[in-house]
Amino acid sequence: MKLIFRLATVFCLMFIASAWADEARPLHDGVAVEAQVQRLSEELRCLVCQNQTLADSHSELAEDLRQEIRAMATKGMSDQQITDYLVERYGDFVRYRPPLKSTTLLLWFGPFALLLAGGIGLFLMLRRREKSAEDLPLSADEARKVNALLNKES
Amino acid sequence: MKRALLPLIIFLIVVGFLLVGLNLDPREVPSPLVGKPAPAFSLPRLDNADKIISNKDMLGKVWLFNVWASWCGACRDEHHVLVALSKSGVVPIYGLDYKDTRLDALQWLAEGGNPYVATAVDENGRVGIDYGVYGVPETYVIDKAGVIAYKQIGPVTEAVLRDKILPLVKRLQIQ
Amino acid sequence: MIPEIGHFALILALIVALIQGVFPIIGAARGNAVWMGLAQPAARAQFLLVVVAFICLAYAFATMDYSVTYVASNSNSKLPLQYRIAAVWGGHEGSLLLWAVILSVWTVAVSFFSKHLPSAMRARILGVMGLISVGFLLFMLSVSNPFERLMPAAMDGRDLNPLLQDPGMVFHPPMLYMGYVGFSVAFAFAIAALLGGELDSAWARWSRPWTTLAWVFLTLGIMAGSNWAYYELGWGGWWFWDAVENASFMPWLVGTALMHSLAVTEKRGSFKAWTVLLAICAFSLSLLGTFLVRSGVLTSVHAFATDPRRGLFILAFLVFVIGGSLLLFAWRAPTVGRGGKFGVVSRESFLLANNVLLAVAAISVLFGTLYPLFLDALGLGKISVGPPYFDTVFAPLMAPALFLMGVGPIARWKQATLPELAMRLRWAFGISVATAVILPLLLGHWTPMIGLGLFLAFWIFATTANLVYQRLRGADQPLMARIKSNSYSWWGMVIAHLGIAVFTLGVTVVKGFESEIAVRMAPGDVAHLAGFDFTFEGVTEIEGPNYSASRGHIRIAKNGIERTLINPEKRLYHVQNMPMTEAGISPSVIHDLYASLGEPLDGGAWSVRIYHKPMVEWVWFGCLMMAFGGLLAISDRRYRLKGRTKPLPEHATEIST
């Protein structure tokens, strides 16, 4: 019985394959709109699973929201407008790219300020060192001690 | 000596935040809608699809707007709390049946009791999106002017009702 | 009965760990040889006890003992044996036990390979590792006991999370933990050195192979995790900047800095305080990662069910270990000498600059990961910090580090000059700039990020080639002899650096040139992407051991010539009723062709996502090269413990990795 069923499936598949070797249709028409939906949903956070982007999530809400974004994109709304629409409803939490505002200044500029501070600190330290440090990589005595310790077998 | 203490100081600051963080729920997303007018809707009623219910119908009174669905497990936990609250008559509860089938929803109410003055049917979840619903059940407290005063994410427990929702409702009703 | 034996073994292990942690350290302070001598037998006894506990838990899983709560919640009778074993570390309690096992593996390894160390040093190292073990064993026994009984026993288990039922689960966590926990050795060496006041070149030399080995494991662990996510999650991503990924990446960054800094400390006696701080930080970040995962302060795909007491316990433990060691550092570091003199332009300063960049990168990742928590704790609202942020911030921080990677190994110790370096590297610079401009134009797509990525990748290739050429030049010896005349650790560095270049190239190309389509495919339909024809031949229903699946058949052809067949699956795991996607991938050196099934549509059609991922395999191959380079460096003869009587060849002390 199972075999017959399987054979039937195979025949059906062959038939279908030969009869309608068709171009696969895009899931959604409109290349520009889809690109916008993809771009946006990759930067938005799914609220149900919370650790996936809207683009990646399979949850129903994510599906609905993608649909909503698609509808807005079709109406010609800009990225900014669509993002604002979602932020109005769910808050800044939905944005994986945090908006630049007073509470996130430190987030956006902190790393670069740190880099600058690190660079300046490093330079000053190197300059000071160059002048002051004594040239004592390893004294002969120390080197002997190191080698003795390393070569000591127990 | 002073510079060598810097890593320790930074670490202790981080620990302070982590300690506070232990008592916060990272999954709870506060709604930006609190303090704003409740989004408008007009939807068919659950008991009678021909009748339309709108948020404007509730203007002038303080009401609770409870988002639920028959497929939602956590809704079962809060249901008896809502039924008891509706019997007390302190505040009217309106329901939003979110992405559900009418038959299942009616059966659910028949079994568990109906705490709602009326329930609006949000079949495709559009109104849910307007209200920023992301996890059913959710409950909104809406004042006489139609402004959202509070949002409860997750089940309404007796503690939440006693400590947060009822005092707020009383205050809003006096205004 | 068996679970009780396991439980008892853990209790005994705790007692032994206490002995191992307390007596040797006090003994070392007082010069008491007997107390110091306790360290080694205690380390070995503890190892045996923890392994017994681990075997008991594995036995409970293998025999499906659902009277053990942990087994009942993470296994199922339909679960295949290899996943029942991997399920031992599939939940919170068991992964802590894995942590403890791996810590004891490292400890016992140190106890065997530390015979040449002064006895006080060895006692302190093993003592510190014993104290860390005390924390984890106490944690398990107090609030996370994997052997807790369930009364009455469950009929069947609730199954391992289907996401974890994958070969990746067998390798990824043990590898990652070997890396995390491996940094405890460098940490223990650093603390022991601080306690004993023996921060010298010998200390750096002893620490180096351990640190490098831990780093190799961490590299492989992160790589395995990334590769697993790539084929398991079904959307072709391989790094998500998830909190837990960040938790493993931060120790990697700091560990990388530590390896390089140790090299300078060993060779030149410089940066001692900085090296010690890095050793403390690498392990501290591993512990912090454990806290972030276990406590639930951050949402993450890896978050297990949480219990506030657990969070509090780990936090207290963190304060004890990290706070204690940083306090010790603040007290002892200022007494550390400064080491050899070197110029503003010298290999030392290039290495130090790279260290600073890596540290800044690690702090930035930490900062971005914790920032939502900071804001929430201050009541300033909830935000999300995700991939767009990290991509934006991380690339500019790492770019200068990659650039310096090309210069550092070529610069002289102590004093180099910029004109000389510029002369030597002008060709490398020219070649990499030309490649960065021309190659994308040939491929038809140029963006600043692609240009920058290609420039850096080819810069590292070219400068490394220059370095190797200079070293192998001279015709007086046959080539093999010239190759052999350079130490393993030097070759290790070369390969690891080339690995970074391969990695950078892979990331740049896949980010810059990947493409995807989402199509509706009925049987017989053809989709086109990147010059390939994807013919959908329908799905067949198959039954797995504990799931049923729709298995898609997609035939791939180019210019009418058939290339391969891929089989993406959509599985439904029965116990947890959870759908999973299993991507169909045709990997190759040039590109991966990748398809995943979405939802069934009407008329036998499916929604299918097809991806073209050029050079994505290079990302992981680069990681493999780095790990291999690390292994090569460890196998260098000067680290071999036996039979080293000959004086070391001159270049063996050359800096590497």
# chains A, B, ... in the order shown; residues from 1 in each chain; ligands from 1

$ interface_residues --of "chain A" --to "chain B" --cutoff "10 Å" --atoms "only C-alpha atoms" --output "PDB file with N, CA, C and O atoms, in the first residue's frame"
ATOM      1  N   CYS A  46      11.832  41.346  17.204  1.00  0.00           N
ATOM      2  CA  CYS A  46      10.563  40.667  17.435  1.00  0.00           C
ATOM      3  C   CYS A  46      10.270  40.696  18.925  1.00  0.00           C
ATOM      4  O   CYS A  46      11.141  40.397  19.737  1.00  0.00           O
ATOM      5  N   LEU A  47       9.034  41.086  19.292  1.00  0.00           N
ATOM      6  CA  LEU A  47       8.743  41.233  20.717  1.00  0.00           C
ATOM      7  C   LEU A  47       8.372  39.926  21.376  1.00  0.00           C
ATOM      8  O   LEU A  47       8.391  39.808  22.594  1.00  0.00           O
ATOM      9  N   VAL A  48       8.001  38.938  20.579  1.00  0.00           N
ATOM     10  CA  VAL A  48       7.572  37.671  21.176  1.00  0.00           C
ATOM     11  C   VAL A  48       8.790  36.822  21.535  1.00  0.00           C
ATOM     12  O   VAL A  48       8.952  36.374  22.655  1.00  0.00           O
ATOM     13  N   CYS A  49       9.676  36.654  20.541  1.00  0.00           N
ATOM     14  CA  CYS A  49      10.836  35.802  20.825  1.00  0.00           C
ATOM     15  C   CYS A  49      11.944  36.661  21.413  1.00  0.00           C
ATOM     16  O   CYS A  49      12.822  36.185  22.082  1.00  0.00           O
ATOM     17  N   GLN A  50      11.888  37.960  21.137  1.00  0.00           N
ATOM     18  CA  GLN A  50      12.763  38.973  21.736  1.00  0.00           C
ATOM     19  C   GLN A  50      14.236  38.849  21.376  1.00  0.00           C
ATOM     20  O   GLN A  50      14.972  39.778  21.569  1.00  0.00           O
ATOM     21  N   GLU A  60       3.989  34.452  15.028  1.00  0.00           N
ATOM     22  CA  GLU A  60       2.838  34.984  14.308  1.00  0.00           C
ATOM     23  C   GLU A  60       2.830  36.513  14.313  1.00  0.00           C
ATOM     24  O   GLU A  60       2.526  37.141  13.316  1.00  0.00           O
ATOM     25  N   LEU A  61       3.193  37.072  15.463  1.00  0.00           N
ATOM     26  CA  LEU A  61       3.210  38.535  15.545  1.00  0.00           C
ATOM     27  C   LEU A  61       4.212  39.102  14.541  1.00  0.00           C
ATOM     28  O   LEU A  61       3.939  40.100  13.866  1.00  0.00           O
ATOM     29  N   ALA A  62       5.365  38.447  14.438  1.00  0.00           N
ATOM     30  CA  ALA A  62       6.378  38.910  13.495  1.00  0.00           C
ATOM     31  C   ALA A  62       5.828  38.861  12.076  1.00  0.00           C
ATOM     32  O   ALA A  62       6.032  39.787  11.275  1.00  0.00           O
ATOM     33  N   ASP A  64       2.669  39.086  11.236  1.00  0.00           N
ATOM     34  CA  ASP A  64       1.706  40.195  11.120  1.00  0.00           C
ATOM     35  C   ASP A  64       2.416  41.521  10.912  1.00  0.00           C
ATOM     36  O   ASP A  64       2.004  42.349  10.097  1.00  0.00           O
ATOM     37  N   LEU A  65       3.486  41.721  11.677  1.00  0.00           N
ATOM     38  CA  LEU A  65       4.178  43.011  11.599  1.00  0.00           C
ATOM     39  C   LEU A  65       4.877  43.172  10.251  1.00  0.00           C
ATOM     40  O   LEU A  65       4.887  44.266   9.689  1.00  0.00           O
ATOM     41  N   GLU A  68       2.302  44.204   7.967  1.00  0.00           N
ATOM     42  CA  GLU A  68       1.981  45.607   8.227  1.00  0.00           C
ATOM     43  C   GLU A  68       3.025  46.521   7.568  1.00  0.00           C
ATOM     44  O   GLU A  68       2.696  47.517   6.932  1.00  0.00           O
ATOM     45  N   TYR A  85       6.159  54.528  13.190  1.00  0.00           N
ATOM     46  CA  TYR A  85       4.858  53.892  13.419  1.00  0.00           C
ATOM     47  C   TYR A  85       4.999  52.783  14.458  1.00  0.00           C
ATOM     48  O   TYR A  85       4.199  52.659  15.389  1.00  0.00           O
ATOM     49  N   LEU A  86       6.035  51.966  14.303  1.00  0.00           N
ATOM     50  CA  LEU A  86       6.218  50.839  15.223  1.00  0.00           C
ATOM     51  C   LEU A  86       6.689  51.304  16.594  1.00  0.00           C
ATOM     52  O   LEU A  86       6.279  50.773  17.622  1.00  0.00           O
ATOM     53  N   VAL A  87       7.560  52.333  16.597  1.00  0.00           N
ATOM     54  CA  VAL A  87       8.049  52.836  17.877  1.00  0.00           C
ATOM     55  C   VAL A  87       6.906  53.440  18.681  1.00  0.00           C
ATOM     56  O   VAL A  87       6.836  53.292  19.900  1.00  0.00           O
ATOM     57  N   GLU A  88       5.962  54.105  17.981  1.00  0.00           N
ATOM     58  CA  GLU A  88       4.792  54.666  18.660  1.00  0.00           C
ATOM     59  C   GLU A  88       4.035  53.591  19.439  1.00  0.00           C
ATOM     60  O   GLU A  88       3.432  53.857  20.470  1.00  0.00           O
ATOM     61  N   ARG A  89       4.022  52.389  18.905  1.00  0.00           N
ATOM     62  CA  ARG A  89       3.241  51.321  19.519  1.00  0.00           C
ATOM     63  C   ARG A  89       4.028  50.472  20.503  1.00  0.00           C
ATOM     64  O   ARG A  89       3.517  50.039  21.524  1.00  0.00           O
ATOM     65  N   TYR A  90       5.270  50.198  20.175  1.00  0.00           N
ATOM     66  CA  TYR A  90       6.040  49.261  20.998  1.00  0.00           C
ATOM     67  C   TYR A  90       7.225  49.915  21.708  1.00  0.00           C
ATOM     68  O   TYR A  90       7.917  49.263  22.481  1.00  0.00           O
ATOM     69  N   GLY A  91       7.496  51.152  21.436  1.00  0.00           N
ATOM     70  CA  GLY A  91       8.607  51.823  22.109  1.00  0.00           C
ATOM     71  C   GLY A  91       9.929  51.593  21.400  1.00  0.00           C
ATOM     72  O   GLY A  91      10.019  50.838  20.434  1.00  0.00           O
ATOM     73  N   ASP A  92      10.980  52.236  21.924  1.00  0.00           N
ATOM     74  CA  ASP A  92      12.309  52.119  21.310  1.00  0.00           C
ATOM     75  C   ASP A  92      12.827  50.695  21.355  1.00  0.00           C
ATOM     76  O   ASP A  92      13.781  50.343  20.655  1.00  0.00           O
ATOM     77  N   PHE A  93      12.198  49.887  22.203  1.00  0.00           N
ATOM     78  CA  PHE A  93      12.628  48.496  22.346  1.00  0.00           C
ATOM     79  C   PHE A  93      12.653  47.754  21.022  1.00  0.00           C
ATOM     80  O   PHE A  93      13.455  46.845  20.837  1.00  0.00           O
ATOM     81  N   VAL A  94      11.785  48.117  20.077  1.00  0.00           N
ATOM     82  CA  VAL A  94      11.747  47.366  18.816  1.00  0.00           C
ATOM     83  C   VAL A  94      12.924  47.663  17.913  1.00  0.00           C
ATOM     84  O   VAL A  94      13.157  46.940  16.960  1.00  0.00           O
TER      85      VAL A  94
END

$ select_by_dssp --residues "range 7-163 of chain B" --states "alpha helix (DSSP H)" --output "PyMOL selection string"
chain B and resi 7-22+73-88+102-112+126-130+158-160

$ closest_residue --among "A:Gln36, A:Gln67, A:Ser102, A:Gln80" --to "chain C" --atoms "only C-alpha atoms"
A:Ser102

$ residues_around --residues "range 54-63 of chain B" --least-positions-apart "2" --cutoff "12 Å" --atoms "only C-alpha atoms" --output "PyMOL selection string"
chain B and resi 37-45+51-52+65-66+86+89-96+116-122+127+139-150+165-166+168-175

$ write_last_selection --atoms "N, CA and C atoms" --output "compact mmCIF listing (two decimals), in the first residue's frame"
# COMPACT_ATOMS: atom_id res chain seq x y z
N PRO B 37 -3.88 58.98 24.27
CA PRO B 37 -5.24 58.52 23.99
C PRO B 37 -5.24 57.09 23.45
N ALA B 38 -6.17 56.30 23.90
CA ALA B 38 -6.26 54.92 23.43
C ALA B 38 -6.54 54.91 21.94
N PRO B 39 -5.83 54.09 21.18
CA PRO B 39 -6.04 54.04 19.73
C PRO B 39 -7.50 53.70 19.41
N ALA B 40 -8.00 54.34 18.39
CA ALA B 40 -9.41 54.15 18.03
C ALA B 40 -9.62 52.78 17.40
N PHE B 41 -10.79 52.20 17.68
CA PHE B 41 -11.16 50.98 16.98
C PHE B 41 -12.66 50.93 16.86
N SER B 42 -13.16 50.29 15.83
CA SER B 42 -14.57 49.89 15.83
C SER B 42 -14.63 48.53 15.19
N LEU B 43 -15.06 47.56 16.00
CA LEU B 43 -14.98 46.16 15.62
C LEU B 43 -16.32 45.49 15.90
N PRO B 44 -16.59 44.37 15.22
CA PRO B 44 -17.80 43.62 15.53
C PRO B 44 -17.72 43.02 16.93
N ARG B 45 -18.91 42.90 17.54
CA ARG B 45 -18.95 42.31 18.88
C ARG B 45 -18.91 40.79 18.78
N LYS B 51 -23.32 43.88 15.33
CA LYS B 51 -23.19 45.10 16.13
C LYS B 51 -21.72 45.52 16.20
N ILE B 52 -21.51 46.79 16.15
CA ILE B 52 -20.14 47.32 16.17
C ILE B 52 -19.88 47.93 17.53
N PHE B 65 -9.56 47.32 29.58
CA PHE B 65 -9.58 46.71 28.25
C PHE B 65 -8.66 45.50 28.32
N ASN B 66 -9.26 44.33 28.26
CA ASN B 66 -8.48 43.09 28.46
C ASN B 66 -8.33 42.35 27.14
N SER B 86 -15.57 41.46 37.83
CA SER B 86 -16.79 41.91 37.14
C SER B 86 -18.00 41.75 38.05
N GLY B 89 -18.48 44.67 40.35
CA GLY B 89 -19.07 45.83 39.70
C GLY B 89 -18.29 47.12 39.89
N VAL B 90 -17.03 47.02 40.31
CA VAL B 90 -16.24 48.23 40.56
C VAL B 90 -15.94 48.97 39.26
N VAL B 91 -15.59 48.19 38.26
CA VAL B 91 -15.18 48.82 37.01
C VAL B 91 -15.59 47.90 35.85
N PRO B 92 -16.11 48.46 34.78
CA PRO B 92 -16.51 47.60 33.65
C PRO B 92 -15.27 47.08 32.90
N ILE B 93 -15.35 45.81 32.49
CA ILE B 93 -14.25 45.22 31.72
C ILE B 93 -14.75 44.97 30.30
N TYR B 94 -14.00 45.46 29.35
CA TYR B 94 -14.28 45.15 27.95
C TYR B 94 -13.16 44.24 27.45
N GLY B 95 -13.54 43.35 26.56
CA GLY B 95 -12.55 42.39 26.09
C GLY B 95 -12.16 42.66 24.65
N LEU B 96 -10.95 42.23 24.29
CA LEU B 96 -10.54 42.22 22.89
C LEU B 96 -10.13 40.78 22.58
N TYR B 116 -16.93 40.09 30.75
CA TYR B 116 -16.89 41.28 29.90
C TYR B 116 -18.26 41.88 29.66
N VAL B 117 -18.32 43.20 29.74
CA VAL B 117 -19.56 43.90 29.34
C VAL B 117 -19.78 43.61 27.86
N ALA B 118 -18.70 43.67 27.11
CA ALA B 118 -18.77 43.31 25.70
C ALA B 118 -17.35 42.97 25.24
N THR B 119 -17.29 42.15 24.21
CA THR B 119 -15.99 41.80 23.68
C THR B 119 -15.92 42.16 22.20
N ALA B 120 -14.85 42.84 21.82
CA ALA B 120 -14.64 43.18 20.41
C ALA B 120 -13.80 42.08 19.78
N VAL B 121 -14.11 41.77 18.53
CA VAL B 121 -13.39 40.70 17.85
C VAL B 121 -12.32 41.29 16.94
N ASP B 122 -11.07 40.98 17.25
CA ASP B 122 -9.95 41.47 16.44
C ASP B 122 -9.37 40.27 15.70
N VAL B 127 -5.97 45.70 15.40
CA VAL B 127 -6.15 46.55 16.57
C VAL B 127 -5.11 46.20 17.64
N THR B 139 -3.68 43.93 29.71
CA THR B 139 -4.84 44.67 30.21
C THR B 139 -4.51 46.15 30.32
N TYR B 140 -5.39 46.98 29.77
CA TYR B 140 -5.20 48.43 29.80
C TYR B 140 -6.22 49.05 30.73
N VAL B 141 -5.78 50.05 31.52
CA VAL B 141 -6.72 50.86 32.29
C VAL B 141 -6.89 52.17 31.52
N ILE B 142 -8.14 52.49 31.16
CA ILE B 142 -8.38 53.68 30.34
C ILE B 142 -9.32 54.62 31.08
N ASP B 143 -8.97 55.92 31.12
CA ASP B 143 -9.72 56.85 31.96
C ASP B 143 -10.92 57.44 31.23
N LYS B 144 -11.59 58.37 31.93
CA LYS B 144 -12.84 58.90 31.39
C LYS B 144 -12.64 59.62 30.06
N ALA B 145 -11.46 60.23 29.89
CA ALA B 145 -11.20 60.97 28.66
C ALA B 145 -10.68 60.06 27.55
N GLY B 146 -10.60 58.78 27.84
CA GLY B 146 -10.11 57.84 26.82
C GLY B 146 -8.60 57.78 26.73
N VAL B 147 -7.91 58.14 27.83
CA VAL B 147 -6.45 58.08 27.83
C VAL B 147 -6.00 56.83 28.58
N ILE B 148 -5.00 56.14 28.01
CA ILE B 148 -4.48 54.94 28.67
C ILE B 148 -3.68 55.34 29.89
N ALA B 149 -4.08 54.80 31.07
CA ALA B 149 -3.40 55.19 32.30
C ALA B 149 -2.41 54.14 32.76
N TYR B 150 -2.60 52.91 32.31
CA TYR B 150 -1.75 51.82 32.80
C TYR B 150 -1.87 50.64 31.86
N ILE B 165 -4.05 48.07 40.01
CA ILE B 165 -5.16 48.44 39.15
C ILE B 165 -6.30 49.11 39.93
N LEU B 166 -6.76 48.49 41.03
CA LEU B 166 -7.90 49.05 41.74
C LEU B 166 -7.64 50.44 42.33
N LEU B 168 -5.69 52.66 41.22
CA LEU B 168 -5.63 53.58 40.08
C LEU B 168 -7.04 53.86 39.56
N VAL B 169 -7.85 52.79 39.46
CA VAL B 169 -9.23 52.95 38.98
C VAL B 169 -10.01 53.89 39.89
N LYS B 170 -9.85 53.71 41.21
CA LYS B 170 -10.57 54.55 42.18
C LYS B 170 -10.18 56.02 41.99
N ARG B 171 -8.85 56.22 41.83
CA ARG B 171 -8.38 57.60 41.67
C ARG B 171 -8.95 58.23 40.41
N LEU B 172 -8.96 57.44 39.34
CA LEU B 172 -9.45 57.96 38.07
C LEU B 172 -10.94 58.22 38.12
N GLN B 173 -11.66 57.37 38.87
CA GLN B 173 -13.11 57.55 38.92
C GLN B 173 -13.50 58.82 39.65
N ILE B 174 -12.68 59.24 40.64
CA ILE B 174 -13.00 60.47 41.39
C ILE B 174 -12.79 61.69 40.51
N GLN B 175 -11.78 61.63 39.66
CA GLN B 175 -11.41 62.81 38.85
C GLN B 175 -12.58 63.33 38.04

$ closest_residue --among "C:Ala282, C:Ala399, C:Ala202, C:Leu150" --to "Ala362 in chain C" --atoms "only C-alpha atoms"
C:Ala282

$ atom_distance --atom1 "CA of His528 in chain C" --atom2 "CA of Ser57 in chain A"
24.8 Å

$ residues_around --residues "range 604-611 of chain C" --least-positions-apart "3" --cutoff "10 Å" --atoms "only C-alpha atoms" --output "PyMOL selection string"
(chain A and resi 24-27) or (chain C and resi 234-236+514-525+527-530+534+536+538-539+552+568+583-585+592-601+614)

$ residues_around --residues "range 75-79 of chain A" --least-positions-apart "4" --cutoff "10 Å" --atoms "only C-alpha atoms" --output "list of chain:residue names"
A:Val33, A:Gln36, A:Val37, A:Arg39, A:Leu40, A:Ile69, A:Arg70, A:Ala71, A:Thr83, A:Asp84, A:Tyr85

$ select_by_dssp --residues "range 516-639 of chain C" --states "strand (DSSP E or B)" --output "VMD selection string"
chain C and resid 516 to 521 526 to 529 532 to 543 547 to 558 561 to 566 569 to 573 578 to 582 584 to 586 591 to 600 606 to 614

$ write_last_selection --atoms "C-alpha atoms" --output "tab-separated table (two decimals), in the first residue's frame"
chain	number	residue	atom	x	y	z
C	516	GLU	CA	18.70	35.86	-1.35
C	517	ILE	CA	15.22	35.33	-2.72
C	518	ALA	CA	11.96	34.27	-1.15
C	519	VAL	CA	9.81	32.34	-3.60
C	520	ARG	CA	6.69	30.28	-3.82
C	521	MET	CA	7.69	26.94	-5.29
C	526	VAL	CA	12.50	26.81	-11.06
C	527	ALA	CA	14.02	29.75	-9.22
C	528	HIS	CA	17.12	31.64	-10.30
C	529	LEU	CA	19.78	33.11	-8.09
C	532	PHE	CA	22.07	28.97	-10.65
C	533	ASP	CA	18.75	27.29	-11.37
C	534	PHE	CA	17.01	25.79	-8.37
C	535	THR	CA	14.38	23.24	-9.31
C	536	PHE	CA	11.95	22.27	-6.61
C	537	GLU	CA	10.95	18.63	-6.86
C	538	GLY	CA	8.48	18.58	-4.04
C	539	VAL	CA	8.71	17.26	-0.53
C	540	THR	CA	8.57	13.80	0.94
C	541	GLU	CA	7.40	13.06	4.43
C	542	ILE	CA	9.94	11.26	6.57
C	543	GLU	CA	9.94	10.00	10.15
C	547	TYR	CA	10.25	13.97	14.91
C	548	SER	CA	8.48	13.90	11.59
C	549	ALA	CA	9.74	16.03	8.78
C	550	SER	CA	8.89	17.35	5.37
C	551	ARG	CA	12.02	16.90	3.34
C	552	GLY	CA	12.35	19.14	0.33
C	553	HIS	CA	14.27	18.17	-2.78
C	554	ILE	CA	15.89	20.99	-4.65
C	555	ARG	CA	18.05	20.26	-7.65
C	556	ILE	CA	20.69	22.83	-8.50
C	557	ALA	CA	21.98	23.34	-12.02
C	558	LYS	CA	24.08	25.90	-13.81
C	561	ILE	CA	24.43	21.17	-16.18
C	562	GLU	CA	23.24	19.58	-13.01
C	563	ARG	CA	25.40	20.30	-10.00
C	564	THR	CA	23.89	18.92	-6.85
C	565	LEU	CA	20.79	18.16	-4.83
C	566	ILE	CA	20.03	19.75	-1.49
C	569	GLU	CA	13.85	19.97	6.05
C	570	LYS	CA	11.05	21.29	8.14
C	571	ARG	CA	10.81	19.15	11.24
C	572	LEU	CA	8.19	18.87	13.91
C	573	TYR	CA	9.53	17.50	17.17
C	578	MET	CA	8.16	22.52	18.18
C	579	PRO	CA	8.86	23.16	14.51
C	580	MET	CA	12.49	23.35	13.46
C	581	THR	CA	14.10	24.20	10.18
C	582	GLU	CA	17.07	22.29	8.91
C	584	GLY	CA	19.84	22.36	2.88
C	585	ILE	CA	23.34	23.53	2.07
C	586	SER	CA	25.72	22.85	-0.75
C	591	HIS	CA	30.19	29.86	-2.19
C	592	ASP	CA	27.45	28.11	-0.29
C	593	LEU	CA	24.09	27.54	-1.91
C	594	TYR	CA	21.61	27.45	0.90
C	595	ALA	CA	17.88	26.81	1.01
C	596	SER	CA	15.36	26.59	3.81
C	597	LEU	CA	11.73	25.61	3.72
C	598	GLY	CA	9.18	28.06	5.01
C	599	GLU	CA	5.52	27.18	5.17
C	600	PRO	CA	3.48	24.83	3.00
C	606	TRP	CA	6.07	25.77	-0.35
C	607	SER	CA	7.52	29.10	0.51
C	608	VAL	CA	11.25	28.66	0.07
C	609	ARG	CA	14.13	30.95	0.90
C	610	ILE	CA	17.24	30.55	-1.19
C	611	TYR	CA	20.54	32.17	-0.35
C	612	HIS	CA	23.77	32.58	-2.22
C	613	LYS	CA	26.60	33.01	0.27
C	614	PRO	CA	29.91	33.64	-1.44

$ closest_atom_pairs --of "chain B" --to "chain C" --cutoff "6 Å" --atoms "only C-alpha atoms" --output "Markdown table"
| residue | atom | partner | partner_atom | distance |
| --- | --- | --- | --- | --- |
| B:Met1 | CA | C:Pro334 | CA | 5.9 |
| B:Ala4 | CA | C:Ala330 | CA | 4.5 |
| B:Leu5 | CA | C:Ala330 | CA | 5.0 |
| B:Leu8 | CA | C:Leu326 | CA | 5.3 |
| B:Gly21 | CA | C:Val297 | CA | 5.6 |
| B:Leu22 | CA | C:Val297 | CA | 5.6 |
| B:Pro26 | CA | C:Leu298 | CA | 6.0 |

$ closest_residue --among "A:Glu42, A:Ala117, A:His58, A:Asp22" --to "chain C" --atoms "only C-alpha atoms"
A:Asp22

$ closest_residue --among "A:Glu43, A:Val31, A:Ser59, A:Met72" --to "chain C" --atoms "only C-alpha atoms"
A:Glu43

$ atom_distance --atom1 "CA of Glu4 in chain C" --atom2 "CA of Val134 in chain C"
19.8 Å
